[in-house]
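Visitor: If it helps, the file is called protein-v1.txt and holds compact mmCIF, C-alpha atoms:
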# COMPACT_ATOMS: atom_id res chain seq x y z
CA MET X 1 -256.76 100.60 101.10
CA ARG X 2 -258.89 100.15 97.99
CA PHE X 3 -262.31 100.33 99.67
CA LEU X 4 -265.00 97.94 98.57
CA MET X 5 -268.64 99.02 98.50
CA THR X 6 -271.53 96.61 98.94
CA THR X 7 -274.98 97.84 97.97
CA GLY X 8 -277.07 98.71 101.01
CA LEU X 9 -274.55 97.17 103.43
CA VAL X 10 -272.31 100.03 104.50
CA THR X 11 -273.94 100.39 107.93
CA SER X 12 -274.06 96.67 108.63
CA LEU X 13 -270.46 96.28 107.49
CA VAL X 14 -269.29 98.75 110.12
CA LEU X 15 -271.53 97.39 112.86
CA GLY X 16 -270.72 93.78 111.98
CA GLY X 17 -266.99 94.43 112.17
CA ALA X 18 -267.36 96.15 115.52
CA ALA X 19 -269.39 93.28 116.92
CA PHE X 20 -266.81 90.81 115.66
CA ALA X 21 -263.91 92.69 117.25
CA ASP X 22 -265.88 93.12 120.49
CA GLY X 23 -266.64 89.39 120.58
CA HIS X 24 -262.96 88.56 120.25
CA ALA X 25 -262.06 90.95 123.09
CA LYS X 26 -264.12 88.90 125.58
CA LEU X 27 -262.22 85.66 125.22
CA PRO X 28 -262.38 82.97 126.37
CA LEU X 29 -266.05 82.24 125.88
CA LYS X 30 -265.66 79.17 128.08
CA GLU X 31 -262.82 77.46 129.94
CA LEU X 32 -261.54 73.91 129.61
CA PRO X 33 -259.84 72.21 132.58
CA ASP X 34 -256.21 72.82 131.56
CA ILE X 35 -256.64 76.42 130.45
CA ALA X 36 -254.35 77.85 133.14
CA GLU X 37 -251.48 75.65 131.95
CA ARG X 38 -251.48 77.10 128.43
CA ASP X 39 -250.44 80.44 126.96
CA TYR X 40 -253.01 79.94 124.19
CA TRP X 41 -256.66 79.05 123.80
CA VAL X 42 -258.01 76.01 121.99
CA PRO X 43 -260.87 76.28 119.47
CA ASP X 44 -263.58 75.09 121.86
CA GLU X 45 -262.73 77.97 124.20
CA VAL X 46 -263.07 80.73 121.61
CA ASN X 47 -265.69 79.55 119.11
CA ALA X 48 -269.30 80.38 119.80
CA GLU X 49 -271.47 77.30 119.65
CA GLY X 50 -272.44 76.25 116.14
CA LYS X 51 -270.34 78.78 114.19
CA LEU X 52 -267.57 76.34 113.21
CA GLU X 53 -270.00 73.67 112.12
CA ALA X 54 -271.99 76.22 110.11
CA LEU X 55 -268.91 77.41 108.21
CA GLN X 56 -267.73 73.82 107.62
CA ALA X 57 -271.10 73.09 106.05
CA VAL X 58 -270.83 76.14 103.80
CA VAL X 59 -267.28 75.22 102.74
CA GLY X 60 -268.38 71.69 101.84
CA SER X 61 -271.31 72.93 99.75
CA GLU X 62 -271.71 74.66 96.41
CA ALA X 63 -270.76 78.35 96.40
CA VAL X 64 -273.46 80.95 96.95
CA LYS X 65 -272.67 84.14 95.04
CA PHE X 66 -271.60 87.35 96.78
CA THR X 67 -274.66 89.61 97.11
CA GLY X 68 -272.93 92.99 96.90
CA THR X 69 -271.12 95.03 94.26
CA GLN X 70 -267.47 96.06 93.97
CA ASP X 71 -265.93 99.27 92.74
CA ALA X 72 -262.45 97.67 92.61
CA PRO X 73 -260.90 94.24 93.09
CA VAL X 74 -260.24 93.10 96.65
CA GLN X 75 -256.53 93.48 97.43
CA ILE X 76 -255.10 90.46 99.28
CA GLY X 77 -251.57 90.22 100.68
CA LEU X 78 -250.18 86.80 101.57
CA ILE X 79 -247.15 86.34 103.83
CA TYR X 80 -246.39 82.62 104.07
CA PRO X 81 -243.61 80.00 103.74
CA SER X 82 -244.75 78.92 100.30
CA ALA X 83 -241.16 78.34 99.11
CA ASP X 84 -241.02 75.14 101.18
CA THR X 85 -241.48 71.60 99.85
CA SER X 86 -244.98 71.17 101.28
CA ASP X 87 -247.69 72.04 98.78
CA PHE X 88 -250.10 73.03 101.57
CA TRP X 89 -249.52 76.72 100.94
CA ALA X 90 -249.91 76.54 97.16
CA ARG X 91 -253.08 74.48 97.52
CA ALA X 92 -254.53 76.87 100.08
CA TYR X 93 -253.84 79.73 97.68
CA LEU X 94 -255.48 77.92 94.77
CA ALA X 95 -258.51 76.99 96.86
CA LEU X 96 -258.81 80.60 98.06
CA THR X 97 -258.72 82.08 94.58
CA LYS X 98 -260.94 79.48 92.91
CA ARG X 99 -263.58 79.77 95.64
CA LEU X 100 -263.45 83.57 95.27
CA ASP X 101 -264.04 83.04 91.54
CA GLU X 102 -267.05 80.85 92.31
CA LEU X 103 -268.37 83.48 94.73
CA GLY X 104 -268.10 86.16 92.06
CA ILE X 105 -265.61 88.29 94.02
CA THR X 106 -262.88 89.98 91.98
CA TYR X 107 -259.46 90.20 93.61
CA GLU X 108 -255.76 90.84 93.17
CA THR X 109 -253.07 89.12 95.24
CA THR X 110 -249.56 90.05 96.31
CA GLU X 111 -247.43 87.20 97.66
CA PHE X 112 -244.47 87.41 100.05
CA ALA X 113 -242.82 83.98 99.99
CA SER X 114 -240.27 82.50 102.37
CA ARG X 115 -239.06 79.18 103.71
CA GLN X 116 -240.34 78.01 107.08
CA ILE X 117 -236.98 78.61 108.77
CA GLU X 118 -236.71 82.20 107.48
CA HIS X 119 -238.24 83.88 110.52
CA SER X 120 -236.50 87.23 110.02
CA LEU X 121 -237.64 87.44 106.41
CA GLN X 122 -241.25 87.06 107.54
CA SER X 123 -240.70 89.89 110.02
CA THR X 124 -239.42 92.07 107.19
CA TYR X 125 -242.51 91.25 105.12
CA ALA X 126 -244.86 91.94 108.04
CA ASN X 127 -243.27 95.35 108.61
CA GLN X 128 -243.53 96.16 104.91
CA VAL X 129 -247.21 95.21 104.71
CA ALA X 130 -248.06 97.14 107.89
CA GLN X 131 -246.33 100.24 106.49
CA ASP X 132 -248.24 99.86 103.22
CA ALA X 133 -251.58 99.13 104.89
CA ASP X 134 -253.51 101.30 102.45
CA LEU X 135 -252.65 98.85 99.64
CA TYR X 136 -254.52 95.90 101.15
CA ASP X 137 -258.04 94.93 102.15
CA TYR X 138 -257.06 91.53 103.58
CA VAL X 139 -253.74 90.15 104.79
CA ILE X 140 -253.23 86.42 105.18
CA PHE X 141 -250.30 85.46 107.41
CA GLY X 142 -248.89 81.93 107.53
CA PRO X 143 -246.39 82.15 110.41
CA SER X 144 -243.11 80.26 110.22
CA GLU X 145 -243.78 79.33 113.87
CA LEU X 146 -246.47 80.74 116.12
CA ALA X 147 -244.48 81.90 119.14
CA ILE X 148 -241.65 83.30 117.02
CA GLN X 149 -244.08 85.33 114.91
CA ALA X 150 -246.41 86.40 117.75
CA ASP X 151 -245.27 90.03 117.63
CA ASN X 152 -245.88 90.16 113.88
CA ILE X 153 -249.36 88.67 114.27
CA ASP X 154 -250.10 91.30 116.89
CA LYS X 155 -248.72 94.04 114.64
CA LEU X 156 -250.83 93.00 111.66
CA ALA X 157 -253.99 92.53 113.75
CA ASN X 158 -253.57 96.03 115.18
CA THR X 159 -252.94 97.66 111.80
CA GLU X 160 -255.92 99.70 110.67
CA GLY X 161 -257.13 99.36 107.09
CA PHE X 162 -257.22 95.62 106.48
CA SER X 163 -258.54 92.42 108.03
CA THR X 164 -255.96 89.89 109.20
CA TYR X 165 -256.36 86.14 108.79
CA VAL X 166 -253.87 83.55 110.07
CA TRP X 167 -253.25 80.29 108.20
CA ALA X 168 -251.89 77.00 109.58
CA PHE X 169 -252.46 77.69 113.29
CA HIS X 170 -255.56 77.21 115.43
CA THR X 171 -254.36 78.18 118.93
CA PRO X 172 -254.97 81.91 119.50
CA LEU X 173 -252.31 83.27 121.85
CA LYS X 174 -253.68 84.75 125.05
CA ASP X 175 -251.24 87.66 125.24
CA LEU X 176 -252.02 89.22 121.87
CA SER X 177 -253.30 92.74 122.41
CA LYS X 178 -255.78 92.14 119.58
CA GLN X 179 -256.81 88.88 117.97
CA PRO X 180 -256.68 88.51 114.17
CA ASP X 181 -260.08 88.43 112.52
CA ALA X 182 -259.91 84.64 112.08
CA TRP X 183 -257.59 81.63 112.22
CA PHE X 184 -257.75 78.86 109.61
CA ASP X 185 -256.11 75.49 110.16
CA PHE X 186 -256.39 71.79 110.77
CA SER X 187 -256.09 70.63 114.37
CA SER X 188 -252.66 69.07 114.75
CA ALA X 189 -253.72 67.74 118.15
CA ALA X 190 -256.79 66.03 116.72
CA GLY X 191 -254.72 64.71 113.82
CA ALA X 192 -252.13 63.30 116.22
CA LEU X 193 -254.81 61.39 118.14
CA THR X 194 -256.39 60.12 114.93
CA MET X 195 -252.96 58.90 113.81
CA CYS X 196 -252.28 57.37 117.23
CA ASP X 197 -255.47 55.31 117.09
CA TYR X 198 -254.67 54.14 113.58
CA MET X 199 -251.07 53.18 114.37
CA LEU X 200 -252.00 51.29 117.54
CA GLY X 201 -254.74 49.46 115.68
CA ARG X 202 -252.40 48.46 112.87
CA LEU X 203 -249.07 47.89 114.66
CA GLY X 204 -250.13 47.02 118.19
CA ASN X 205 -248.22 47.52 121.44
CA ASP X 206 -244.55 47.53 122.51
CA VAL X 207 -243.17 49.16 119.35
CA THR X 208 -239.87 51.07 119.12
CA MET X 209 -240.06 54.44 117.36
CA ALA X 210 -237.82 57.34 116.33
CA MET X 211 -239.00 60.81 115.34
CA ASN X 212 -238.12 63.60 112.92
CA ARG X 213 -239.68 66.54 114.75
CA GLY X 214 -240.08 70.05 113.35
CA ILE X 215 -239.32 73.32 115.16
CA PRO X 216 -239.94 73.50 118.92
CA GLY X 217 -243.31 75.15 119.41
CA ILE X 218 -247.04 74.57 119.40
CA THR X 219 -247.32 72.82 116.04
CA ASP X 220 -244.62 70.24 116.75
CA ASN X 221 -245.77 69.85 120.36
CA GLN X 222 -249.09 68.68 118.95
CA ARG X 223 -248.05 66.81 115.82
CA SER X 224 -245.12 65.02 117.48
CA GLY X 225 -245.56 65.48 121.22
CA ASP X 226 -249.23 64.53 121.42
CA PHE X 227 -248.67 61.56 119.11
CA LYS X 228 -245.70 60.37 121.18
CA ALA X 229 -247.60 60.72 124.45
CA CYS X 230 -250.58 58.84 123.06
CA VAL X 231 -248.70 55.81 121.68
CA GLU X 232 -246.47 55.59 124.75
CA GLU X 233 -249.42 55.75 127.16
CA LYS X 234 -251.90 53.59 125.25
CA GLY X 235 -249.52 51.20 123.50
CA ASN X 236 -246.39 51.10 125.67
CA TRP X 237 -244.28 52.31 122.73
CA THR X 238 -240.66 53.35 123.26
CA THR X 239 -239.12 56.44 121.63
CA VAL X 240 -235.37 55.96 121.24
CA TYR X 241 -234.45 59.19 119.42
CA GLU X 242 -235.95 62.57 118.50
CA HIS X 243 -234.32 64.65 115.78
CA TYR X 244 -235.34 68.26 115.14
CA GLY X 245 -235.27 68.64 111.37
CA GLU X 246 -236.83 72.15 111.23
CA TYR X 247 -239.53 70.97 108.81
CA GLN X 248 -236.92 70.77 106.03
CA ARG X 249 -236.26 67.95 103.56
CA GLU X 250 -232.59 68.03 104.56
CA GLY X 251 -233.55 67.64 108.21
CA GLY X 252 -235.64 64.56 107.44
CA PHE X 253 -232.81 63.06 105.40
CA GLU X 254 -230.17 63.74 108.05
CA GLY X 255 -232.35 62.55 110.91
CA THR X 256 -233.31 59.35 109.14
CA SER X 257 -229.72 58.60 108.13
CA LEU X 258 -228.69 58.91 111.77
CA ILE X 259 -231.63 56.78 112.95
CA LEU X 260 -230.87 54.00 110.48
CA GLN X 261 -227.23 53.91 111.57
CA ALA X 262 -227.47 54.44 115.32
CA TYR X 263 -230.94 53.14 116.20
CA PRO X 264 -231.63 50.10 114.00
CA GLU X 265 -234.13 48.85 116.59
CA ALA X 266 -236.52 51.67 115.57
CA THR X 267 -239.09 50.16 113.21
CA ILE X 268 -241.18 53.35 112.99
CA ILE X 269 -240.05 56.79 111.84
CA HIS X 270 -242.52 59.60 112.52
CA ASN X 271 -242.13 62.71 110.34
CA ALA X 272 -243.86 65.95 111.34
CA ASN X 273 -244.42 67.38 107.84
CA THR X 274 -244.21 66.64 104.13
CA ALA X 275 -240.71 67.99 103.59
CA MET X 276 -239.14 65.85 106.30
CA ALA X 277 -241.14 62.82 105.17
CA MET X 278 -239.74 63.19 101.64
CA GLY X 279 -236.22 63.55 103.01
CA SER X 280 -236.76 60.49 105.20
CA VAL X 281 -237.93 58.45 102.21
CA GLU X 282 -234.85 59.54 100.24
CA ALA X 283 -232.54 58.44 103.06
CA GLN X 284 -234.21 55.03 103.24
CA LEU X 285 -234.09 54.54 99.48
CA ALA X 286 -230.41 55.48 99.44
CA VAL X 287 -229.55 52.44 101.59
CA GLY X 288 -232.35 50.13 100.45
CA LYS X 289 -234.21 50.09 103.77
CA GLU X 290 -237.54 51.57 102.67
CA LYS X 291 -239.26 48.20 103.22
CA GLU X 292 -237.78 47.72 106.71
CA VAL X 293 -239.14 50.90 108.30
CA PHE X 294 -242.74 52.06 108.72
CA SER X 295 -242.69 55.76 107.77
CA THR X 296 -245.32 58.39 108.37
CA GLY X 297 -245.83 61.88 106.98
CA TRP X 298 -248.15 64.69 107.90
CA GLY X 299 -250.90 66.38 105.95
CA GLY X 300 -251.68 64.07 103.05
CA THR X 301 -250.21 66.39 100.44
CA GLY X 302 -249.91 65.32 96.82
CA LEU X 303 -246.25 64.39 97.31
CA GLU X 304 -247.13 62.17 100.24
CA LEU X 305 -249.95 60.40 98.42
CA GLU X 306 -247.66 59.70 95.47
CA ALA X 307 -245.08 58.24 97.88
CA ILE X 308 -247.79 56.01 99.41
CA ARG X 309 -248.77 54.78 95.95
CA ARG X 310 -245.11 53.97 95.22
CA GLY X 311 -244.81 52.03 98.47
CA GLU X 312 -242.27 54.45 99.94
CA LEU X 313 -244.47 56.06 102.62
CA ASP X 314 -246.83 54.02 104.76
CA ALA X 315 -249.37 56.39 106.34
CA THR X 316 -250.19 60.03 106.90
CA PRO X 317 -252.84 62.10 108.68
CA MET X 318 -254.58 63.54 105.63
CA ARG X 319 -256.14 66.97 105.69
CA MET X 320 -259.02 67.82 103.44
CA GLY X 321 -256.53 70.40 102.30
CA ASP X 322 -258.64 72.81 100.27
CA ASP X 323 -260.94 73.53 103.24
CA VAL X 324 -258.59 76.23 104.55
CA GLY X 325 -258.45 78.31 101.36
CA ALA X 326 -262.15 77.87 100.64
CA ALA X 327 -263.09 78.90 104.19
CA THR X 328 -260.93 82.01 103.87
CA ALA X 329 -262.73 82.98 100.68
CA GLU X 330 -266.03 82.54 102.48
CA ALA X 331 -264.76 84.72 105.35
CA ILE X 332 -263.98 87.48 102.88
CA LYS X 333 -267.50 87.20 101.47
CA TYR X 334 -269.02 87.28 104.95
CA ASP X 335 -266.99 90.38 105.78
CA LEU X 336 -267.98 92.19 102.59
CA GLU X 337 -271.63 91.38 103.25
CA GLY X 338 -271.41 92.70 106.82
CA ARG X 339 -271.75 89.22 108.34
CA ALA X 340 -268.30 88.81 109.89
CA ASP X 341 -269.91 88.23 113.29
CA GLU X 342 -271.20 84.89 111.95
CA LEU X 343 -267.66 83.54 111.59
CA PRO X 344 -265.92 81.35 114.17
CA LEU X 345 -262.66 82.78 115.46
CA VAL X 346 -260.99 79.47 114.58
CA PHE X 347 -261.90 77.39 111.52
CA LEU X 348 -260.79 73.74 111.44
CA GLY X 349 -260.72 71.46 108.41
CA ARG X 350 -261.23 67.70 108.48
CA ILE X 351 -258.49 65.06 108.94
CA THR X 352 -258.49 61.32 108.19
CA VAL X 353 -255.68 58.75 107.67
CA ALA X 354 -254.43 57.76 104.21
CA HIS X 355 -252.32 54.62 104.15
CA ASP X 356 -250.73 51.97 101.97
CA GLU X 357 -253.43 49.36 102.64
CA MET X 358 -256.07 51.47 100.92
CA SER X 359 -257.15 50.60 97.42
CA ALA X 360 -256.28 52.95 94.59
CA GLU X 361 -259.96 53.88 94.38
CA GLU X 362 -260.11 54.77 98.08
CA ILE X 363 -257.05 57.00 97.87
CA ASP X 364 -258.40 58.61 94.71
CA ALA X 365 -261.72 59.39 96.41
CA LEU X 366 -260.00 61.00 99.40
CA GLU X 367 -257.76 62.98 97.08
CA GLN X 368 -260.67 64.22 94.96
CA GLU X 369 -262.46 65.53 98.02
CA ALA X 370 -259.38 67.04 99.65
CA PHE X 371 -258.15 68.80 96.51
CA ARG X 372 -261.45 69.68 94.86
CA PHE X 373 -260.17 73.20 94.06
CA SER X 374 -256.40 72.83 93.78
CA GLY X 375 -256.43 69.66 91.69
CA VAL X 376 -255.36 66.05 92.12
CA GLY X 377 -251.69 65.09 91.90
CA ALA X 378 -248.46 66.78 92.90
CA LEU X 379 -248.33 70.46 92.00
CA GLU X 380 -245.65 71.83 89.69
CA ARG X 381 -243.06 73.59 91.84
Once you've parsed the file, please lay out its structure as structure tokens.

Guide:
Amino acid sequence: MRFLMTTGLVTSLVLGGAAFADGHAKLPLKELPDIAERDYWVPDEVNAEGKLEALQAVVGSEAVKFTGTQDAPVQIGLIYPSADTSDFWARAYLALTKRLDELGITYETTEFASRQIEHSLQSTYANQVAQDADLYDYVIFGPSELAIQADNIDKLANTEGFSTYVWAFHTPLKDLSKQPDAWFDFSSAAGALTMCDYMLGRLGNDVTMAMNRGIPGITDNQRSGDFKACVEEKGNWTTVYEHYGEYQREGGFEGTSLILQAYPEATIIHNANTAMAMGSVEAQLAVGKEKEVFSTGWGGTGLELEAIRRGELDATPMRMGDDVGAATAEAIKYDLEGRADELPLVFLGRITVAHDEMSAEEIDALEQEAFRFSGVGALER
């Protein structure tokens, strides 16, 4: 590990880290009614009161410079499925690095890219990083799926020499022997309910829907399962078919092609991520049915917003995407300043709905805020 010195903060850095680890060991801080039914905690059970809101306020404000000094750049390893269609990972990386620049923290990054279905490749990367622990100060892990990668999260969190941050999940697993230093995500459950309210308000009751779901697990249970439960309970919707497309463009294309042929009564197609939404749009365009089906995406990425502007995609739960990377940069600063105990265990970004009835100006304003670091428009792949 290339150790980083901060003037006058060596003692507080050690004590702060110990307090942070000790705080995580005493989870949950409080219990919600259904806690016994889950193998994970939700943010309200593990975040001390006020810490999430405080970090959200910092992330949404102008950067305050790092107060220490460095004898070498911070070494950051990133293990994430950045080879997928979704630009979430690339934007999170850009927001991380640009916020670090604003904070005045020098850094070097090493990226280990995969696709979201390449679970074994992520395991290989995790083993490699753990073996080379002395090369890194911080490791950011974006799991292909939470349960599948639980052992690797545990391995990285227990590796001495670097801090471990998890991207794209916000449900700390109860059976980890040690929690990572922080989780950074958007709440898929909250996004599903926000989308449910919007869809019921726009389309009403007694609607027939089909779904392109992702990979069985927590993320899809929330993005797809919670949305399905909400519209069925509150709006008496009917779900005629659920296709697991593994978060891949091909899966969205294949699922939508099948839906259009076998379930023409479905007027809504729910897609659980950007890649499947783009594949779904392609399948509809191929047979000229893009105007007959109401299609949703997930995340409000640049590709999705462009599809909304073209009239190919109808609505999406839109993350203020750069919040995750910016919050991670702030966490690094807090850690270097010996203030890691001020961080929430789980950081959540904001979600709203972008849709085809918005004006160009309204979509532009949302996009400017969401991508204030990574830039407006689809990223070059």

Visitor: Between CA of Gly321 in chain X and CA of Tyr80 in chain X, what is the distance in Å, rounded to a tenth?

Guide: 16.0 Å

Visitor: In Å, with one decimal, what is the gap from CA of Asn221 in chain X to CA of Ala275 in chain X?

Guide: 17.6 Å

Visitor: So how far away is CA of Pro344 in chain X from CA of Tyr165 in chain X, in Å?

Guide: 12.0 Å

Visitor: In terms of the shortest atom-to-atom distance over all atoms listed in the file, which of X:Ser61, X:Gln248, X:Thr194, X:Gln149 is closest to Glu330 in chain X?

Guide: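 Using all atoms listed in the file, Glu330 in chain X sits closest to X:Ser61.
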
Visitor: How big is the axis-aligned box, and where does its centre sit, when it encloses all atoms of range 359-374 of chain X listed in the file and has 6 Å added on every side, reported in Å to one decimal as lines of an AutoDock Vina configuration file?

Guide:
center_x = -259.4
center_y = 61.9
center_z = 96.7
size_x = 18.2
size_y = 34.6
size_z = 17.9

Visitor: Smallest atom-to-atom distance to Ser144 in chain X: which of X:Phe66, X:Tyr247, X:Tyr263, X:Phe186, using all atoms listed in the file?

Guide: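 The shortest atom-to-atom distance to Ser144 in chain X comes from X:Tyr247.
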
Visitor: Nearest to Ile268 in chain X among X:Glu342, X:Asp314, X:Asp197, X:Asp185, with distances taken over all atoms listed in the file: which residue is it?

Guide: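 Looking at the shortest contact to Ile268 in chain X, the residue is X:Asp314.
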
Visitor: Could you give me, as a PyMOL selection string, the residues within 12 Å of Thr296 in chain X, counting only C-alpha atoms and dropping anything in the same chain fewer than 4 positions from it?

Guide: chain X and resi 192+195-196+198-199+209-213+223-224+227+252+267-281+290+300+304-305+307-308+311-318+353-356

Visitor: Check the smallest atom-to-atom distance from each of X:Leu103, X:Ala190, X:Ile117, X:Ala283 to Val59 in chain X using all atoms listed in the file, then report the winner.

Guide: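 Of the candidates, the smallest distance to Val59 in chain X is held by X:Leu103.
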
Visitor: Please, which residues are within 6 Å of (-244.5, 79.2, 120.2) by the file's coordinates, counting all atoms listed in the file, and could they come as a PyMOL selection string?

Guide: chain X and resi 146-148+217-218
